[in-house]
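target21.cif follows (mmCIF, C-alpha atoms):
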```cif
data_start
loop_
_atom_site.group_PDB
_atom_site.id
_atom_site.type_symbol
_atom_site.label_atom_id
_atom_site.label_comp_id
_atom_site.auth_asym_id
_atom_site.auth_seq_id
_atom_site.Cartn_x
_atom_site.Cartn_y
_atom_site.Cartn_z
ATOM 1 C CA MET A 235 29.038 -72.421 -53.772
ATOM 2 C CA SER A 236 26.320 -73.249 -51.263
ATOM 3 C CA ASN A 237 23.287 -75.269 -52.322
ATOM 4 C CA ARG A 238 20.603 -73.087 -53.838
ATOM 5 C CA GLY A 239 17.950 -72.350 -51.218
ATOM 6 C CA SER A 240 20.244 -73.152 -48.280
ATOM 7 C CA PRO A 241 20.556 -70.646 -45.408
ATOM 8 C CA GLU A 242 24.056 -69.793 -46.650
ATOM 9 C CA SER A 243 22.928 -68.991 -50.193
ATOM 10 C CA ARG A 244 19.894 -67.068 -48.899
ATOM 11 C CA LEU A 245 22.196 -64.943 -46.766
ATOM 12 C CA VAL A 246 24.385 -64.174 -49.790
ATOM 13 C CA GLU A 247 21.334 -63.240 -51.879
ATOM 14 C CA GLU A 248 19.996 -61.057 -49.080
ATOM 15 C CA ALA A 249 23.353 -59.313 -48.764
ATOM 16 C CA GLN A 250 23.464 -58.696 -52.516
ATOM 17 C CA HIS A 251 20.027 -57.104 -52.303
ATOM 18 C CA THR A 252 21.119 -54.958 -49.343
ATOM 19 C CA PHE A 253 24.646 -53.951 -50.380
ATOM 20 C CA GLY A 254 24.753 -54.661 -54.121
ATOM 21 C CA ALA A 255 26.564 -57.440 -55.963
ATOM 22 C CA HIS A 256 29.912 -55.633 -56.379
ATOM 23 C CA LEU A 257 30.264 -54.717 -52.703
ATOM 24 C CA VAL A 258 29.249 -58.221 -51.630
ATOM 25 C CA SER A 259 31.943 -59.642 -53.932
ATOM 26 C CA VAL A 260 34.477 -57.669 -51.880
ATOM 27 C CA LEU A 261 32.934 -58.572 -48.518
ATOM 28 C CA LEU A 262 32.935 -62.240 -49.584
ATOM 29 C CA ALA A 263 36.517 -62.166 -50.894
ATOM 30 C CA GLY A 264 38.037 -65.587 -50.212
ATOM 31 C CA TYR A 265 34.716 -67.451 -50.066
ATOM 32 C CA ASP A 266 35.117 -71.028 -51.286
ATOM 33 C CA GLU A 267 38.842 -70.392 -51.814
ATOM 34 C CA PHE A 268 41.597 -72.289 -50.035
ATOM 35 C CA GLY A 269 45.250 -71.539 -49.470
ATOM 36 C CA THR A 270 46.891 -68.959 -47.223
ATOM 37 C CA VAL A 271 47.279 -65.503 -48.784
ATOM 38 C CA GLN A 272 48.136 -62.179 -47.126
ATOM 39 C CA VAL A 273 46.845 -59.826 -49.853
ATOM 40 C CA ARG A 274 43.937 -59.634 -52.313
ATOM 41 C CA CYS A 275 43.713 -56.767 -54.813
ATOM 42 C CA PHE A 276 40.919 -55.368 -56.985
ATOM 43 C CA GLU A 277 40.586 -52.632 -59.594
ATOM 44 C CA VAL A 278 37.289 -50.789 -59.167
ATOM 45 C CA LEU A 279 35.898 -48.459 -61.846
ATOM 46 C CA THR A 280 32.918 -46.194 -61.252
ATOM 47 C CA GLU A 281 30.985 -43.725 -63.373
ATOM 48 C CA TRP A 282 28.467 -41.082 -62.368
ATOM 49 C CA HIS A 283 27.291 -38.679 -65.069
ATOM 50 C CA SER A 284 30.570 -37.459 -66.634
ATOM 51 C CA LEU A 285 32.811 -38.334 -63.665
ATOM 52 C CA LYS A 286 34.764 -41.570 -63.947
ATOM 53 C CA THR A 287 36.954 -42.960 -61.189
ATOM 54 C CA ARG A 288 39.543 -45.695 -60.880
ATOM 55 C CA ASN A 289 40.270 -47.128 -57.462
ATOM 56 C CA LEU A 290 42.729 -49.815 -56.410
ATOM 57 C CA LEU A 291 41.503 -51.833 -53.433
ATOM 58 C CA LYS A 292 43.922 -53.916 -51.389
ATOM 59 C CA ILE A 293 42.702 -56.238 -48.643
ATOM 60 C CA ALA A 294 45.647 -57.174 -46.443
ATOM 61 C CA ILE A 295 46.520 -58.948 -43.223
ATOM 62 C CA GLY A 296 49.844 -58.835 -41.424
ATOM 63 C CA ASP A 297 49.590 -62.254 -39.841
ATOM 64 C CA ALA A 298 50.600 -65.784 -40.804
ATOM 65 C CA CYS A 299 46.969 -66.945 -40.475
ATOM 66 C CA GLY A 300 46.212 -65.281 -43.818
ATOM 67 C CA LEU A 301 43.031 -63.651 -45.075
ATOM 68 C CA PRO A 302 39.550 -65.162 -44.593
ATOM 69 C CA GLN A 303 38.889 -68.166 -46.818
ATOM 70 C CA GLY A 304 36.496 -71.082 -47.274
ATOM 71 C CA LYS A 305 33.321 -70.416 -45.298
ATOM 72 C CA GLU A 306 34.888 -67.744 -43.078
ATOM 73 C CA PRO A 307 33.563 -64.786 -45.171
ATOM 74 C CA LEU A 308 30.016 -66.013 -44.463
ATOM 75 C CA VAL A 309 30.652 -65.203 -40.800
ATOM 76 C CA LEU A 310 31.158 -61.549 -41.744
ATOM 77 C CA LEU A 311 27.865 -61.461 -43.663
ATOM 78 C CA ALA A 312 26.080 -63.031 -40.684
ATOM 79 C CA LEU A 313 27.577 -60.441 -38.315
ATOM 80 C CA LEU A 314 26.514 -57.596 -40.617
ATOM 81 C CA LYS A 315 23.004 -59.041 -40.728
ATOM 82 C CA LEU A 316 22.964 -59.165 -36.935
ATOM 83 C CA LEU A 317 24.000 -55.507 -36.753
ATOM 84 C CA ASN A 318 20.894 -54.530 -38.722
ATOM 85 C CA SER A 319 18.518 -57.001 -37.069
ATOM 86 C CA GLY A 320 17.525 -55.161 -33.901
ATOM 87 C CA SER A 321 18.661 -58.216 -31.939
ATOM 88 C CA ASP A 322 19.199 -57.998 -28.185
ATOM 89 C CA LEU A 323 22.756 -59.116 -28.944
ATOM 90 C CA VAL A 324 23.497 -55.754 -30.596
ATOM 91 C CA GLU A 325 24.640 -52.758 -28.588
ATOM 92 C CA GLY A 326 25.289 -49.883 -31.009
ATOM 93 C CA SER A 327 28.113 -51.110 -33.237
ATOM 94 C CA LYS A 328 28.909 -54.032 -30.906
ATOM 95 C CA VAL A 329 27.662 -57.623 -31.238
ATOM 96 C CA VAL A 330 27.666 -59.641 -28.004
ATOM 97 C CA THR A 331 28.169 -63.450 -27.728
ATOM 98 C CA PRO A 332 27.363 -64.036 -31.397
ATOM 99 C CA THR A 333 28.339 -67.688 -31.982
ATOM 100 C CA GLU A 334 24.937 -69.371 -31.600
ATOM 101 C CA GLU A 335 23.151 -66.629 -33.542
ATOM 102 C CA ILE A 336 25.685 -66.844 -36.389
ATOM 103 C CA CYS A 337 25.123 -70.600 -36.564
ATOM 104 C CA SER A 338 21.358 -70.034 -36.624
ATOM 105 C CA ILE A 339 21.614 -67.548 -39.508
ATOM 106 C CA LEU A 340 23.869 -69.861 -41.523
ATOM 107 C CA GLY A 341 22.021 -73.081 -40.712
ATOM 108 C CA TRP A 342 25.078 -74.538 -38.991
ATOM 109 C CA ARG A 343 24.966 -76.914 -36.047
ATOM 110 C CA VAL A 344 26.680 -75.473 -32.976
ATOM 111 C CA SER A 345 29.781 -77.594 -32.430
ATOM 112 C CA SER A 346 33.440 -77.242 -31.577
ATOM 113 C CA ASP A 347 34.215 -77.151 -35.316
ATOM 114 C CA THR A 348 31.765 -74.368 -36.185
ATOM 115 C CA SER A 349 32.744 -72.403 -33.066
ATOM 116 C CA ALA A 350 36.402 -72.674 -34.049
ATOM 117 C CA LEU A 351 35.592 -71.541 -37.609
ATOM 118 C CA ILE A 352 33.681 -68.511 -36.298
ATOM 119 C CA ASP A 353 36.429 -67.586 -33.840
ATOM 120 C CA ARG A 354 39.047 -67.940 -36.579
ATOM 121 C CA ALA A 355 37.039 -65.714 -38.940
ATOM 122 C CA ILE A 356 36.531 -63.017 -36.303
ATOM 123 C CA ARG A 357 40.242 -62.977 -35.492
ATOM 124 C CA LYS A 358 41.131 -62.605 -39.177
ATOM 125 C CA TYR A 359 38.666 -59.766 -39.779
ATOM 126 C CA PHE A 360 40.000 -57.980 -36.707
ATOM 127 C CA LEU A 361 43.555 -58.215 -38.074
ATOM 128 C CA MET A 362 42.547 -57.354 -41.647
ATOM 129 C CA SER A 363 42.627 -53.912 -43.270
ATOM 130 C CA TYR A 364 41.077 -52.353 -46.369
ATOM 131 C CA LEU A 365 43.208 -49.921 -48.398
ATOM 132 C CA LEU A 366 41.519 -47.926 -51.176
ATOM 133 C CA ALA A 367 43.720 -45.807 -53.454
ATOM 134 C CA HIS A 368 41.927 -43.328 -55.738
ATOM 135 C CA ASP A 369 43.771 -42.727 -59.017
ATOM 136 C CA ASN A 370 43.580 -38.930 -59.225
ATOM 137 C CA ARG A 371 44.777 -38.677 -62.824
ATOM 138 C CA TYR A 372 42.093 -41.079 -64.073
ATOM 139 C CA SER A 373 39.399 -38.616 -62.967
ATOM 140 C CA PHE A 374 41.291 -35.348 -63.432
ATOM 141 C CA PRO A 375 44.138 -35.394 -66.024
ATOM 142 C CA GLU A 376 45.745 -32.291 -64.515
ATOM 143 C CA MET A 377 46.281 -34.107 -61.194
ATOM 144 C CA SER A 378 48.691 -36.859 -60.255
ATOM 145 C CA GLY A 379 49.187 -39.465 -57.557
ATOM 146 C CA TYR A 380 46.671 -41.263 -55.374
ATOM 147 C CA SER A 381 44.395 -40.429 -52.466
ATOM 148 C CA VAL A 382 44.386 -43.336 -50.016
ATOM 149 C CA ASN A 383 41.934 -44.449 -47.317
ATOM 150 C CA ILE A 384 42.856 -47.220 -44.867
ATOM 151 C CA CYS A 385 40.537 -48.777 -42.313
ATOM 152 C CA ARG A 386 39.547 -51.898 -40.415
ATOM 153 C CA LEU A 387 35.960 -53.094 -40.229
ATOM 154 C CA ILE A 388 36.279 -54.738 -36.792
ATOM 155 C CA ILE A 389 38.104 -52.427 -34.376
ATOM 156 C CA ALA A 390 37.866 -54.317 -31.068
ATOM 157 C CA CYS A 391 36.939 -57.712 -29.696
ATOM 158 C CA ALA A 392 36.993 -59.632 -26.420
ATOM 159 C CA PHE A 393 37.115 -63.333 -25.652
ATOM 160 C CA ASN A 394 36.845 -65.749 -22.776
ATOM 161 C CA ASN A 395 39.880 -67.774 -21.752
ATOM 162 C CA ASP A 396 38.646 -71.333 -21.269
ATOM 163 C CA SER A 397 41.875 -72.948 -22.435
ATOM 164 C CA GLY A 398 43.071 -74.059 -18.996
ATOM 165 C CA THR A 399 46.506 -72.535 -19.673
ATOM 166 C CA ASP A 400 48.241 -69.728 -17.828
ATOM 167 C CA ASP A 401 48.363 -67.556 -20.953
ATOM 168 C CA PRO A 402 45.409 -65.103 -20.755
ATOM 169 C CA PHE A 403 45.631 -64.428 -24.509
ATOM 170 C CA GLU A 404 44.911 -68.022 -25.557
ATOM 171 C CA GLY A 405 41.205 -67.314 -25.645
ATOM 172 C CA VAL A 406 38.403 -69.393 -27.075
ATOM 173 C CA GLY A 407 34.948 -67.998 -27.724
ATOM 174 C CA TYR A 408 34.503 -64.319 -28.527
ATOM 175 C CA SER A 409 32.239 -62.501 -26.069
ATOM 176 C CA HIS A 410 31.838 -59.362 -28.176
ATOM 177 C CA ILE A 411 32.910 -57.803 -31.457
ATOM 178 C CA GLU A 412 32.899 -54.070 -32.075
ATOM 179 C CA PHE A 413 32.663 -52.708 -35.612
ATOM 180 C CA ASN A 414 33.945 -49.407 -36.972
ATOM 181 C CA GLN A 415 30.771 -47.361 -36.549
ATOM 182 C CA ASP A 416 31.502 -45.057 -39.491
ATOM 183 C CA LEU A 417 31.979 -48.029 -41.817
ATOM 184 C CA VAL A 418 28.769 -49.655 -40.597
ATOM 185 C CA GLN A 419 26.894 -46.462 -41.453
ATOM 186 C CA GLU A 420 28.567 -46.423 -44.871
ATOM 187 C CA LEU A 421 27.635 -50.046 -45.551
ATOM 188 C CA ARG A 422 23.987 -49.314 -44.795
ATOM 189 C CA ALA A 423 24.123 -46.879 -47.723
ATOM 190 C CA SER A 424 26.014 -49.370 -49.965
ATOM 191 C CA ASN A 425 29.229 -47.415 -49.417
ATOM 192 C CA LEU A 426 32.658 -48.475 -48.237
ATOM 193 C CA LEU A 427 35.750 -46.326 -47.786
ATOM 194 C CA GLY A 428 33.879 -43.282 -49.045
ATOM 195 C CA MET A 429 32.964 -44.905 -52.373
ATOM 196 C CA ASP A 430 29.408 -45.423 -53.608
ATOM 197 C CA TRP A 431 29.403 -49.048 -54.757
ATOM 198 C CA SER A 432 26.073 -48.663 -56.563
ATOM 199 C CA ARG A 433 28.036 -46.684 -59.177
ATOM 200 C CA VAL A 434 30.614 -49.405 -59.848
ATOM 201 C CA THR A 435 30.837 -50.348 -63.527
ATOM 202 C CA SER A 436 33.719 -52.827 -63.263
ATOM 203 C CA LEU A 437 35.288 -54.881 -60.472
ATOM 204 C CA GLU A 438 38.357 -56.888 -61.501
ATOM 205 C CA ARG A 439 40.502 -59.123 -59.292
ATOM 206 C CA GLN A 440 44.181 -58.289 -59.812
#
```

Can you dump the structure from the file as structure tokens?
Amino acid sequence: MSNRGSPESRLVEEAQHTFGAHLVSVLLAGYDEFGTVQVRCFEVLTEWHSLKTRNLLKIAIGDACGLPQGKEPLVLLALLKLLNSGSDLVEGSKVVTPTEEICSILGWRVSSDTSALIDRAIRKYFLMSYLLAHDNRYSFPEMSGYSVNICRLIIACAFNNDSGTDDPFEGVGYSHIEFNQDLVQELRASNLLGMDWSRVTSLERQ
């Protein structure tokens, strides 16, 4: 984990205050972990009055790069902070030229290494999807099967090609990132995929 009192740890604490500890655990999935994986799964239990729910959450990526890991999940938290900051870099659900601002939030020095880390994280979150399956029978014994929501948090991005090659898709340096507007609105209410994460009683990695 980051040093206590560092910009990284303060960002995590701020996110926990904003979104709640359980939801931040999902948003930070892969933080301080190493090794390429394509899938991470969680069992999520909630309770509200007499209604109990069981949801299976799968975070998946269909690319050899694997899911975010190491410090890459911190980039997502920094982007979400930017979205709620009123910054001139934010246009609706779009964040424009975010690299220097992300480094400022995280206390990182702007360098080729940090820029590459940020670009790599953005690419992974663009390719990544969240799948939430609600176990109908757990809540209502007379029902069966699952109700499933699937979405991506980042739905579009653009980059500048400064590689000097003839391939226009070998880009370096993202010029903007556009988030799923509905999910951003959900996150502001501590929700994700239609589930109120303030009601979570158990979050278990599978």

*Output the residue selection produced by the PyMOL selection byres ((chain A and resi 323) around 12) on the file above, formatted as a PyMOL selection string.*
chain A and resi 313+315-322+324-336+409-412

Using only C-alpha atoms, determine which residues lie at most 7 Å from A:Arg433, disregarding the query and same-chain residues fewer than 3 positions distant; provide the list as a PDB file with C-alpha atoms, in the frame of the given file.
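Okay, around_22.pdb is ready:
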```
ATOM      1  CA  THR A 280      32.918 -46.194 -61.252  1.00  0.00           C
ATOM      2  CA  GLU A 281      30.985 -43.725 -63.373  1.00  0.00           C
ATOM      3  CA  TRP A 282      28.467 -41.082 -62.368  1.00  0.00           C
ATOM      4  CA  ASP A 430      29.408 -45.423 -53.608  1.00  0.00           C
TER       5      ASP A 430
END
```

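With all atoms listed in the file as the basis for measurement, A:Leu308 is the residue among A:Leu365, A:Leu279, A:Leu426, A:Leu308 that approaches A:Leu351 most closely.
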
_List the spatial neighbours of A:Thr252 as a ChimeraX atom specification - criterion: any atom at most 12 Å away, only C-alpha atoms, same-chain residues fewer than 3 positions off excluded._
/A:245-249,255-258,311,314-315,318,421-425,431-432

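Of note, atom CA of A:Ser240 and atom CA of A:Ser338 are spaced 12.1 Å apart.
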
Decode the PyMOL selection byres ((chain A and resi 362-364) around 12) for the given file into explicit residues and return them as a CSV table (one decimal) with C-alpha atoms, in the coordinates of the input.
```
chain,number,residue,atom,x,y,z
A,260,VAL,CA,34.5,-57.7,-51.9
A,261,LEU,CA,32.9,-58.6,-48.5
A,263,ALA,CA,36.5,-62.2,-50.9
A,271,VAL,CA,47.3,-65.5,-48.8
A,272,GLN,CA,48.1,-62.2,-47.1
A,273,VAL,CA,46.8,-59.8,-49.9
A,274,ARG,CA,43.9,-59.6,-52.3
A,275,CYS,CA,43.7,-56.8,-54.8
A,276,PHE,CA,40.9,-55.4,-57.0
A,290,LEU,CA,42.7,-49.8,-56.4
A,291,LEU,CA,41.5,-51.8,-53.4
A,292,LYS,CA,43.9,-53.9,-51.4
A,293,ILE,CA,42.7,-56.2,-48.6
A,294,ALA,CA,45.6,-57.2,-46.4
A,295,ILE,CA,46.5,-58.9,-43.2
A,296,GLY,CA,49.8,-58.8,-41.4
A,297,ASP,CA,49.6,-62.3,-39.8
A,298,ALA,CA,50.6,-65.8,-40.8
A,299,CYS,CA,47.0,-66.9,-40.5
A,300,GLY,CA,46.2,-65.3,-43.8
A,301,LEU,CA,43.0,-63.7,-45.1
A,302,PRO,CA,39.6,-65.2,-44.6
A,355,ALA,CA,37.0,-65.7,-38.9
A,356,ILE,CA,36.5,-63.0,-36.3
A,357,ARG,CA,40.2,-63.0,-35.5
A,358,LYS,CA,41.1,-62.6,-39.2
A,359,TYR,CA,38.7,-59.8,-39.8
A,360,PHE,CA,40.0,-58.0,-36.7
A,361,LEU,CA,43.6,-58.2,-38.1
A,365,LEU,CA,43.2,-49.9,-48.4
A,366,LEU,CA,41.5,-47.9,-51.2
A,367,ALA,CA,43.7,-45.8,-53.5
A,382,VAL,CA,44.4,-43.3,-50.0
A,383,ASN,CA,41.9,-44.4,-47.3
A,384,ILE,CA,42.9,-47.2,-44.9
A,385,CYS,CA,40.5,-48.8,-42.3
A,386,ARG,CA,39.5,-51.9,-40.4
A,387,LEU,CA,36.0,-53.1,-40.2
A,388,ILE,CA,36.3,-54.7,-36.8
A,389,ILE,CA,38.1,-52.4,-34.4
A,390,ALA,CA,37.9,-54.3,-31.1
A,414,ASN,CA,33.9,-49.4,-37.0
A,417,LEU,CA,32.0,-48.0,-41.8
A,426,LEU,CA,32.7,-48.5,-48.2
A,427,LEU,CA,35.8,-46.3,-47.8
A,428,GLY,CA,33.9,-43.3,-49.0
```

_the PyMOL selection byres ((chain A and resi 341) around 8) - which residues does that actually catch in the file I just gave you? List them as a VMD selection string._
chain A and resid 240 to 242 337 to 340 342 to 343

*Interatomic distance between atom CA of A:Glu420 and atom CA of A:Gly264?*
22.0 Å

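For the pair atom CA of A:Glu267 and atom CA of A:Gly239, the interatomic distance is 21.0 Å.
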